[in-house]
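Report on the following structure.
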Amino acid sequence: MIRPHDSIIVQSLGRFLIPVTQMFGLYVLFFGQYGPGGGFVGGVILGTSMIFSVLAFGHDASRSQLAKKVLHGDGVGMLIYAGVGGLCMIGGGEFLNFADFEIPGLETASRRSLGIVLTQLGVAVDVAVTAVSIVFSLSAEEIIEDSLNG
């Protein structure tokens, strides 16, 4: 089990840095198509902020509940990604060809932009869930080793 950090400095910085990091991760996710960034980098930043909350405040703290809830979303990112590709195919086109992403009232450029953002969102969700699940898996192994050695 990951225990809360005993330093008031780490916890105070965590209260400030975690929301700022999550906002930056969302910025990188949604504006990554216009510059460096995108789904993978945004997911890494969001996952890192959740991992920091678990390390700073502990496994059972109220600030770490988002990280625990994220674990239930395993596979949601893949469903978003595949769902957008499937909607492109339903429109009569190819998988992830956003020109065929049929949404009434949107022109081709807007459909492509929306399709890119949705696929990047799917990638970000899967990357963040994977990062958090790795940390929780490693902490579970630590608990098992402590019980065997102690």
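Ordering of the structure tokens sets the chain letters (A, B, ...), residue numbers begin anew at 1 in every chain, and ligands are numbered from 1 in the order given.
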
DSSP helix (DSSP H, G or I) residues within chain A, listed as a PyMOL selection string: chain A and resi 8-30+32-34+39-57+62-73+76-90+98-100+108-149

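For the set A:Thr108, A:Gln120, A:Thr48, A:Gln11, the residue with the smallest atom-to-atom gap to Ala67 of chain A is A:Thr48, counting only C-alpha atoms.
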
At a cut-off of 8 Å, using only C-alpha atoms, what residues contact segment 89-92 of chain A? Leave out same-chain residues fewer than 5 positions from it and give the result as a PyMOL selection string. chain A and resi 100-102

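If you measure from each of A:Met50, A:Leu121, A:Val127, A:Val135 to Phe30 of chain A using only C-alpha atoms, the closest one turns out to be A:Leu121.
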
Can you pull out every residue within 10 Å of Ala124 of chain A, counting only C-alpha atoms, but drop anything in the same chain fewer than 3 positions away, and send it as a ChimeraX atom specification? /A:25-26,29,38-47,77-78,118-121,127-130

Save out the residues we just selected, N, CA, C and O atoms, as a PDB file, in the first residue's frame.
```pdb
ATOM      1  N   GLY A  25      -2.151  18.989 -19.043  1.00  0.00           N
ATOM      2  CA  GLY A  25      -2.365  17.753 -19.795  1.00  0.00           C
ATOM      3  C   GLY A  25      -3.556  17.853 -20.730  1.00  0.00           C
ATOM      4  O   GLY A  25      -3.506  17.380 -21.874  1.00  0.00           O
ATOM      5  N   LEU A  26      -4.636  18.470 -20.279  1.00  0.00           N
ATOM      6  CA  LEU A  26      -5.798  18.670 -21.148  1.00  0.00           C
ATOM      7  C   LEU A  26      -5.475  19.626 -22.295  1.00  0.00           C
ATOM      8  O   LEU A  26      -5.920  19.436 -23.426  1.00  0.00           O
ATOM      9  N   LEU A  29      -3.479  17.738 -24.786  1.00  0.00           N
ATOM     10  CA  LEU A  29      -4.356  16.787 -25.464  1.00  0.00           C
ATOM     11  C   LEU A  29      -5.189  17.470 -26.539  1.00  0.00           C
ATOM     12  O   LEU A  29      -5.216  17.042 -27.686  1.00  0.00           O
ATOM     13  N   GLY A  38      -0.524  15.881 -28.199  1.00  0.00           N
ATOM     14  CA  GLY A  38      -1.533  14.964 -28.704  1.00  0.00           C
ATOM     15  C   GLY A  38      -1.961  13.992 -27.627  1.00  0.00           C
ATOM     16  O   GLY A  38      -1.790  14.243 -26.433  1.00  0.00           O
ATOM     17  N   GLY A  39      -2.528  12.892 -28.066  1.00  0.00           N
ATOM     18  CA  GLY A  39      -3.116  11.939 -27.147  1.00  0.00           C
ATOM     19  C   GLY A  39      -2.126  11.244 -26.248  1.00  0.00           C
ATOM     20  O   GLY A  39      -2.355  11.103 -25.049  1.00  0.00           O
ATOM     21  N   PHE A  40      -1.017  10.801 -26.793  1.00  0.00           N
ATOM     22  CA  PHE A  40      -0.057  10.059 -25.981  1.00  0.00           C
ATOM     23  C   PHE A  40       0.561  10.959 -24.920  1.00  0.00           C
ATOM     24  O   PHE A  40       0.584  10.617 -23.737  1.00  0.00           O
ATOM     25  N   VAL A  41       1.041  12.118 -25.331  1.00  0.00           N
ATOM     26  CA  VAL A  41       1.703  13.025 -24.391  1.00  0.00           C
ATOM     27  C   VAL A  41       0.695  13.548 -23.368  1.00  0.00           C
ATOM     28  O   VAL A  41       0.995  13.631 -22.175  1.00  0.00           O
ATOM     29  N   GLY A  42      -0.504  13.895 -23.817  1.00  0.00           N
ATOM     30  CA  GLY A  42      -1.534  14.346 -22.890  1.00  0.00           C
ATOM     31  C   GLY A  42      -1.904  13.265 -21.888  1.00  0.00           C
ATOM     32  O   GLY A  42      -2.100  13.540 -20.707  1.00  0.00           O
ATOM     33  N   GLY A  43      -1.994  12.017 -22.340  1.00  0.00           N
ATOM     34  CA  GLY A  43      -2.291  10.909 -21.444  1.00  0.00           C
ATOM     35  C   GLY A  43      -1.185  10.663 -20.434  1.00  0.00           C
ATOM     36  O   GLY A  43      -1.457  10.354 -19.273  1.00  0.00           O
ATOM     37  N   VAL A  44       0.055  10.818 -20.862  1.00  0.00           N
ATOM     38  CA  VAL A  44       1.182  10.659 -19.942  1.00  0.00           C
ATOM     39  C   VAL A  44       1.136  11.740 -18.865  1.00  0.00           C
ATOM     40  O   VAL A  44       1.329  11.459 -17.677  1.00  0.00           O
ATOM     41  N   ILE A  45       0.858  12.972 -19.259  1.00  0.00           N
ATOM     42  CA  ILE A  45       0.809  14.068 -18.288  1.00  0.00           C
ATOM     43  C   ILE A  45      -0.356  13.864 -17.312  1.00  0.00           C
ATOM     44  O   ILE A  45      -0.204  14.037 -16.101  1.00  0.00           O
ATOM     45  N   LEU A  46      -1.522  13.483 -17.820  1.00  0.00           N
ATOM     46  CA  LEU A  46      -2.670  13.244 -16.936  1.00  0.00           C
ATOM     47  C   LEU A  46      -2.413  12.062 -16.003  1.00  0.00           C
ATOM     48  O   LEU A  46      -2.742  12.117 -14.817  1.00  0.00           O
ATOM     49  N   GLY A  47      -1.832  10.999 -16.528  1.00  0.00           N
ATOM     50  CA  GLY A  47      -1.505   9.842 -15.700  1.00  0.00           C
ATOM     51  C   GLY A  47      -0.478  10.184 -14.631  1.00  0.00           C
ATOM     52  O   GLY A  47      -0.587   9.746 -13.481  1.00  0.00           O
ATOM     53  N   GLY A  77     -10.764   3.936 -23.735  1.00  0.00           N
ATOM     54  CA  GLY A  77     -10.038   4.645 -24.789  1.00  0.00           C
ATOM     55  C   GLY A  77     -10.029   3.878 -26.091  1.00  0.00           C
ATOM     56  O   GLY A  77     -10.189   4.459 -27.175  1.00  0.00           O
ATOM     57  N   MET A  78      -9.862   2.562 -25.989  1.00  0.00           N
ATOM     58  CA  MET A  78      -9.881   1.735 -27.199  1.00  0.00           C
ATOM     59  C   MET A  78     -11.262   1.767 -27.847  1.00  0.00           C
ATOM     60  O   MET A  78     -11.379   1.808 -29.072  1.00  0.00           O
ATOM     61  N   LEU A 118     -11.169  13.317 -31.138  1.00  0.00           N
ATOM     62  CA  LEU A 118     -11.775  12.145 -30.499  1.00  0.00           C
ATOM     63  C   LEU A 118     -10.832  10.953 -30.466  1.00  0.00           C
ATOM     64  O   LEU A 118     -10.760  10.241 -29.465  1.00  0.00           O
ATOM     65  N   THR A 119     -10.084  10.727 -31.537  1.00  0.00           N
ATOM     66  CA  THR A 119      -9.131   9.615 -31.515  1.00  0.00           C
ATOM     67  C   THR A 119      -7.996   9.896 -30.540  1.00  0.00           C
ATOM     68  O   THR A 119      -7.538   8.991 -29.842  1.00  0.00           O
ATOM     69  N   GLN A 120      -7.536  11.156 -30.475  1.00  0.00           N
ATOM     70  CA  GLN A 120      -6.495  11.502 -29.512  1.00  0.00           C
ATOM     71  C   GLN A 120      -7.002  11.360 -28.084  1.00  0.00           C
ATOM     72  O   GLN A 120      -6.255  10.969 -27.188  1.00  0.00           O
ATOM     73  N   LEU A 121      -8.275  11.654 -27.854  1.00  0.00           N
ATOM     74  CA  LEU A 121      -8.872  11.461 -26.537  1.00  0.00           C
ATOM     75  C   LEU A 121      -8.859   9.988 -26.149  1.00  0.00           C
ATOM     76  O   LEU A 121      -8.555   9.635 -25.010  1.00  0.00           O
ATOM     77  N   VAL A 127      -3.622   5.610 -22.288  1.00  0.00           N
ATOM     78  CA  VAL A 127      -2.274   5.827 -21.749  1.00  0.00           C
ATOM     79  C   VAL A 127      -2.348   6.180 -20.267  1.00  0.00           C
ATOM     80  O   VAL A 127      -1.574   5.650 -19.453  1.00  0.00           O
ATOM     81  N   ALA A 128      -3.282   7.052 -19.877  1.00  0.00           N
ATOM     82  CA  ALA A 128      -3.411   7.436 -18.466  1.00  0.00           C
ATOM     83  C   ALA A 128      -3.812   6.242 -17.607  1.00  0.00           C
ATOM     84  O   ALA A 128      -3.265   6.034 -16.523  1.00  0.00           O
ATOM     85  N   VAL A 129      -4.764   5.441 -18.088  1.00  0.00           N
ATOM     86  CA  VAL A 129      -5.200   4.269 -17.333  1.00  0.00           C
ATOM     87  C   VAL A 129      -4.049   3.273 -17.183  1.00  0.00           C
ATOM     88  O   VAL A 129      -3.849   2.698 -16.112  1.00  0.00           O
ATOM     89  N   THR A 130      -3.278   3.087 -18.227  1.00  0.00           N
ATOM     90  CA  THR A 130      -2.153   2.158 -18.172  1.00  0.00           C
ATOM     91  C   THR A 130      -1.095   2.636 -17.173  1.00  0.00           C
ATOM     92  O   THR A 130      -0.582   1.833 -16.378  1.00  0.00           O
TER      93      THR A 130
END
```

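Using only C-alpha atoms for every distance, the candidate list A:Leu71, A:Ser110, A:Gly115, A:His59 yields A:Gly115 as the residue closest to Phe98 of chain A.
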
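Each of A:Ser113, A:His5, A:Phe24, A:Gly75 was checked against Ser53 of chain A using only C-alpha atoms; the smallest atom-to-atom distance is that of A:His5.
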